$ cat protein_1.txt   # compact mmCIF, C-alpha atoms
# COMPACT_ATOMS: atom_id res chain seq x y z
CA MET A 1 26.82 -66.65 -10.31
CA ARG A 2 28.47 -63.27 -10.27
CA ILE A 3 30.72 -61.91 -7.54
CA GLY A 4 27.93 -60.08 -5.71
CA GLU A 5 25.95 -63.29 -5.35
CA LEU A 6 29.01 -65.20 -4.12
CA SER A 7 29.61 -62.41 -1.61
CA ARG A 8 26.03 -62.62 -0.34
CA ARG A 9 26.08 -66.42 -0.11
CA THR A 10 29.42 -66.59 1.72
CA GLY A 11 29.34 -63.36 3.73
CA VAL A 12 32.74 -62.43 2.30
CA HIS A 13 33.22 -58.93 0.87
CA GLU A 14 33.71 -58.70 -2.89
CA ARG A 15 37.11 -57.08 -2.37
CA LEU A 16 38.30 -60.15 -0.46
CA LEU A 17 36.96 -62.46 -3.18
CA ARG A 18 39.01 -60.53 -5.74
CA TYR A 19 42.03 -60.81 -3.45
CA TYR A 20 41.53 -64.58 -3.20
CA GLU A 21 41.53 -64.68 -6.99
CA GLU A 22 44.75 -62.61 -7.11
CA GLN A 23 46.29 -65.10 -4.67
CA ASP A 24 45.24 -67.95 -7.01
CA LEU A 25 42.83 -69.38 -4.44
CA LEU A 26 39.71 -68.87 -6.56
CA HIS A 27 39.47 -69.46 -10.30
CA PRO A 28 36.28 -67.93 -11.72
CA GLN A 29 35.45 -68.13 -15.39
CA ARG A 30 35.27 -64.85 -17.29
CA ARG A 31 32.28 -63.86 -19.37
CA PRO A 32 32.94 -62.13 -22.71
CA SER A 33 32.02 -58.90 -20.90
CA GLY A 34 34.86 -59.54 -18.43
CA TYR A 35 32.56 -60.26 -15.49
CA ARG A 36 33.60 -63.06 -13.20
CA GLU A 37 31.39 -66.14 -13.21
CA TYR A 38 31.55 -68.40 -10.14
CA CYS A 39 30.11 -71.87 -9.74
CA ASP A 40 28.43 -73.39 -6.69
CA SER A 41 31.60 -75.24 -5.68
CA ASP A 42 33.28 -71.85 -5.18
CA ILE A 43 31.03 -71.32 -2.16
CA ASP A 44 32.68 -74.33 -0.49
CA THR A 45 36.13 -73.13 -1.58
CA VAL A 46 35.55 -69.73 0.03
CA ARG A 47 34.40 -71.43 3.23
CA ARG A 48 37.55 -73.57 3.26
CA ILE A 49 39.69 -70.47 2.72
CA ARG A 50 37.96 -68.70 5.61
CA SER A 51 38.41 -71.72 7.89
CA LEU A 52 42.10 -71.95 7.09
CA LEU A 53 42.61 -68.21 7.60
CA ALA A 54 40.85 -68.51 10.97
CA ALA A 55 43.27 -71.33 11.81
CA GLY A 56 46.15 -68.89 11.41
CA LEU A 57 47.39 -69.86 7.95
CA ASN A 58 48.39 -67.24 5.40
CA THR A 59 47.10 -67.19 1.83
CA ALA A 60 50.39 -68.50 0.39
CA THR A 61 50.18 -71.57 2.60
CA ILE A 62 46.48 -71.97 1.87
CA GLY A 63 47.24 -71.90 -1.85
CA THR A 64 49.54 -74.89 -1.51
CA ILE A 65 47.27 -76.97 0.70
CA LEU A 66 43.81 -76.10 -0.64
CA PRO A 67 43.97 -78.64 -3.48
CA CYS A 68 44.76 -81.35 -0.92
CA LEU A 69 41.68 -80.85 1.26
CA ARG A 70 38.16 -82.13 1.01
CA GLU A 71 35.20 -81.64 3.27
CA ASP A 72 33.74 -84.48 5.28
CA GLU A 73 30.63 -83.08 6.89
CA ALA A 74 31.90 -80.07 8.88
CA ARG A 75 35.58 -81.11 8.87
CA LEU A 76 38.42 -80.48 6.47
CA VAL A 77 40.21 -83.72 5.65
CA PRO A 78 43.72 -83.85 4.13
CA THR A 79 44.03 -85.97 1.00
CA CYS A 80 47.73 -85.58 0.14
CA PRO A 81 50.49 -87.27 2.19
CA ASP A 82 52.81 -84.25 2.10
CA LEU A 83 50.07 -82.05 3.50
CA LEU A 84 50.27 -83.56 6.98
CA ALA A 85 53.91 -82.56 7.35
CA ASP A 86 53.06 -79.00 6.29
CA LEU A 87 50.14 -78.85 8.70
CA ARG A 88 52.30 -80.15 11.55
CA ARG A 89 54.86 -77.40 10.84
CA GLN A 90 52.09 -74.79 10.89
CA HIS A 91 50.76 -76.27 14.13
CA ALA A 92 54.21 -76.01 15.71
CA ARG A 93 54.56 -72.40 14.51
CA ILE A 94 51.20 -71.43 16.00
CA THR A 95 52.00 -73.27 19.25
CA ARG A 96 55.27 -71.30 19.55
CA SER A 97 53.37 -68.06 18.96
CA ILE A 98 50.85 -68.94 21.66
CA THR A 99 53.65 -69.78 24.11
CA ASP A 100 55.36 -66.47 23.36
CA LEU A 101 52.10 -64.57 23.86
CA GLU A 102 51.43 -66.35 27.15
CA THR A 103 54.91 -65.39 28.34
CA SER A 104 54.26 -61.77 27.36
CA LEU A 105 50.88 -61.82 29.07
CA GLY A 106 52.44 -63.16 32.28
CA ALA A 107 55.08 -60.45 32.26
CA LEU A 108 52.46 -57.78 31.73
CA GLU A 109 50.32 -59.16 34.56
CA GLU A 110 53.35 -59.02 36.88
CA VAL A 111 53.97 -55.36 36.04
CA ILE A 112 50.30 -54.50 36.58
CA ALA A 113 50.23 -56.39 39.89
CA ALA A 114 53.33 -54.49 41.08
CA ALA A 115 51.56 -51.13 40.88
CA PRO A 116 51.22 -49.43 44.29
CA PRO A 117 47.60 -49.34 45.55
CA GLU A 118 47.27 -45.56 45.11
CA VAL A 119 48.40 -45.81 41.45
CA ALA A 120 45.98 -48.66 40.83
CA ARG A 121 43.14 -46.66 42.40
CA ARG A 122 43.87 -43.59 40.27
CA ALA A 123 44.00 -45.77 37.17
CA LEU A 124 40.53 -47.09 37.93
CA ASP A 125 39.21 -43.57 38.51
CA GLY A 126 40.57 -42.20 35.25
$ encode --input "protein_1.txt" --output "structure tokens"
Amino acid sequence: MRIGELSRRTGVHERLLRYYEEQDLLHPQRRPSGYREYCDSDIDTVRRIRSLLAAGLNTATIGTILPCLREDEARLVPTCPDLLADLRRQHARITRSITDLETSLGALEEVIAAAPPEVARRALDG
């Protein structure tokens, strides 16, 4: 299938599919005309990429772990021993980011709560 068909079947813009290829995440064949030719398994690969991006991983990390994942129904399952250590590091990184954001959110809520009533009222009016 060509890139437009892959885009329609995955809901991912063609530009992003080209980017995934540049990042060595997708490996389409090339026709003599230069057009990309994707196979059905690329649909699953794009879905895995999207899932991992949604989990907060960057494309460089995805490139290293993608070959070590398989799908088991709706879950991604690691198949390489070293992958678990990498995933645990990513989990810790994301957990730290969440903690930092929660701290920032709390500080912001305190500042908002400290506003005098007349300032809060004017803010709601404007």
$ residues_around --input "protein_1.txt" --residues "stretch 10-15 of chain A" --least-positions-apart "6" --cutoff "7 Å" --atoms "all atoms listed in the file" --output "number ranges by chain"
A: 3-4, 43
$ write_last_selection --input "protein_1.txt" --atoms "C-alpha atoms" --output "tab-separated table (two decimals), in the frame of the given file"
chain	number	residue	atom	x	y	z
A	3	ILE	CA	30.72	-61.91	-7.54
A	4	GLY	CA	27.93	-60.08	-5.71
A	43	ILE	CA	31.03	-71.32	-2.16
$ closest_residue --input "protein_1.txt" --among "A:Val46, A:Ala114, A:Asp86, A:Arg9" --to "A:His27" --atoms "all atoms listed in the file"
A:Val46
$ atom_distance --input "protein_1.txt" --atom1 "atom CA of A:Leu52" --atom2 "atom CA of A:Gly106"
28.6 Å
$ atom_distance --input "protein_1.txt" --atom1 "atom CA of A:Arg48" --atom2 "atom CA of A:His91"
17.3 Å
$ residues_around --input "protein_1.txt" --residues "A:Val111" --least-positions-apart "6" --cutoff "12 Å" --atoms "all atoms listed in the file" --output "VMD selection string"
chain A and resid 104 to 105 120
$ atom_distance --input "protein_1.txt" --atom1 "atom CA of A:Arg93" --atom2 "atom CA of A:Ile49"
19.1 Å
$ closest_residue --input "protein_1.txt" --among "A:Arg89, A:Ile65, A:Tyr38, A:Ala54" --to "A:Ser7" --atoms "only C-alpha atoms"
A:Tyr38
$ residues_around --input "protein_1.txt" --residues "A:Arg2" --least-positions-apart "6" --cutoff "12 Å" --atoms "only C-alpha atoms" --output "VMD selection string"
chain A and resid 8 to 9 14 17 to 18 28 to 31 34 to 40 42 to 43
$ closest_residue --input "protein_1.txt" --among "A:Leu25, A:Leu16, A:Leu76, A:Ala107" --to "A:Ala60" --atoms "all atoms listed in the file"
A:Leu25
$ axis_aligned_box --input "protein_1.txt" --around "stretch 29-39 of chain A" --padding-each-side "6 Å" --output "AutoDock Vina command-line options"
--center_x 32.8 --center_y -65.4 --center_z -16.2 --size_x 17.3 --size_y 25.0 --size_z 25.0
$ residues_around --input "protein_1.txt" --residues "A:Gln90" --least-positions-apart "3" --cutoff "10 Å" --atoms "only C-alpha atoms" --output "list in words"
Ala55, Gly56, Leu57, Thr61, Leu84, Ala85, Asp86, Leu87, Arg93, Ile94, Thr95 and Arg96 of chain A
$ closest_residue --input "protein_1.txt" --among "A:Ser51, A:Thr45, A:Thr79, A:Asn58" --to "A:Leu6" --atoms "all atoms listed in the file"
A:Thr45
$ residues_around --input "protein_1.txt" --residues "A:Ala74" --least-positions-apart "3" --cutoff "12 Å" --atoms "only C-alpha atoms" --output "PDB file with C-alpha atoms, keeping the file's coordinate frame"
ATOM      1  CA  ASP A  44      32.680 -74.330  -0.490  1.00  0.00           C
ATOM      2  CA  ARG A  47      34.400 -71.430   3.230  1.00  0.00           C
ATOM      3  CA  ARG A  48      37.550 -73.570   3.260  1.00  0.00           C
ATOM      4  CA  SER A  51      38.410 -71.720   7.890  1.00  0.00           C
ATOM      5  CA  ARG A  70      38.160 -82.130   1.010  1.00  0.00           C
ATOM      6  CA  GLU A  71      35.200 -81.640   3.270  1.00  0.00           C
ATOM      7  CA  VAL A  77      40.210 -83.720   5.650  1.00  0.00           C
TER       8      VAL A  77
END
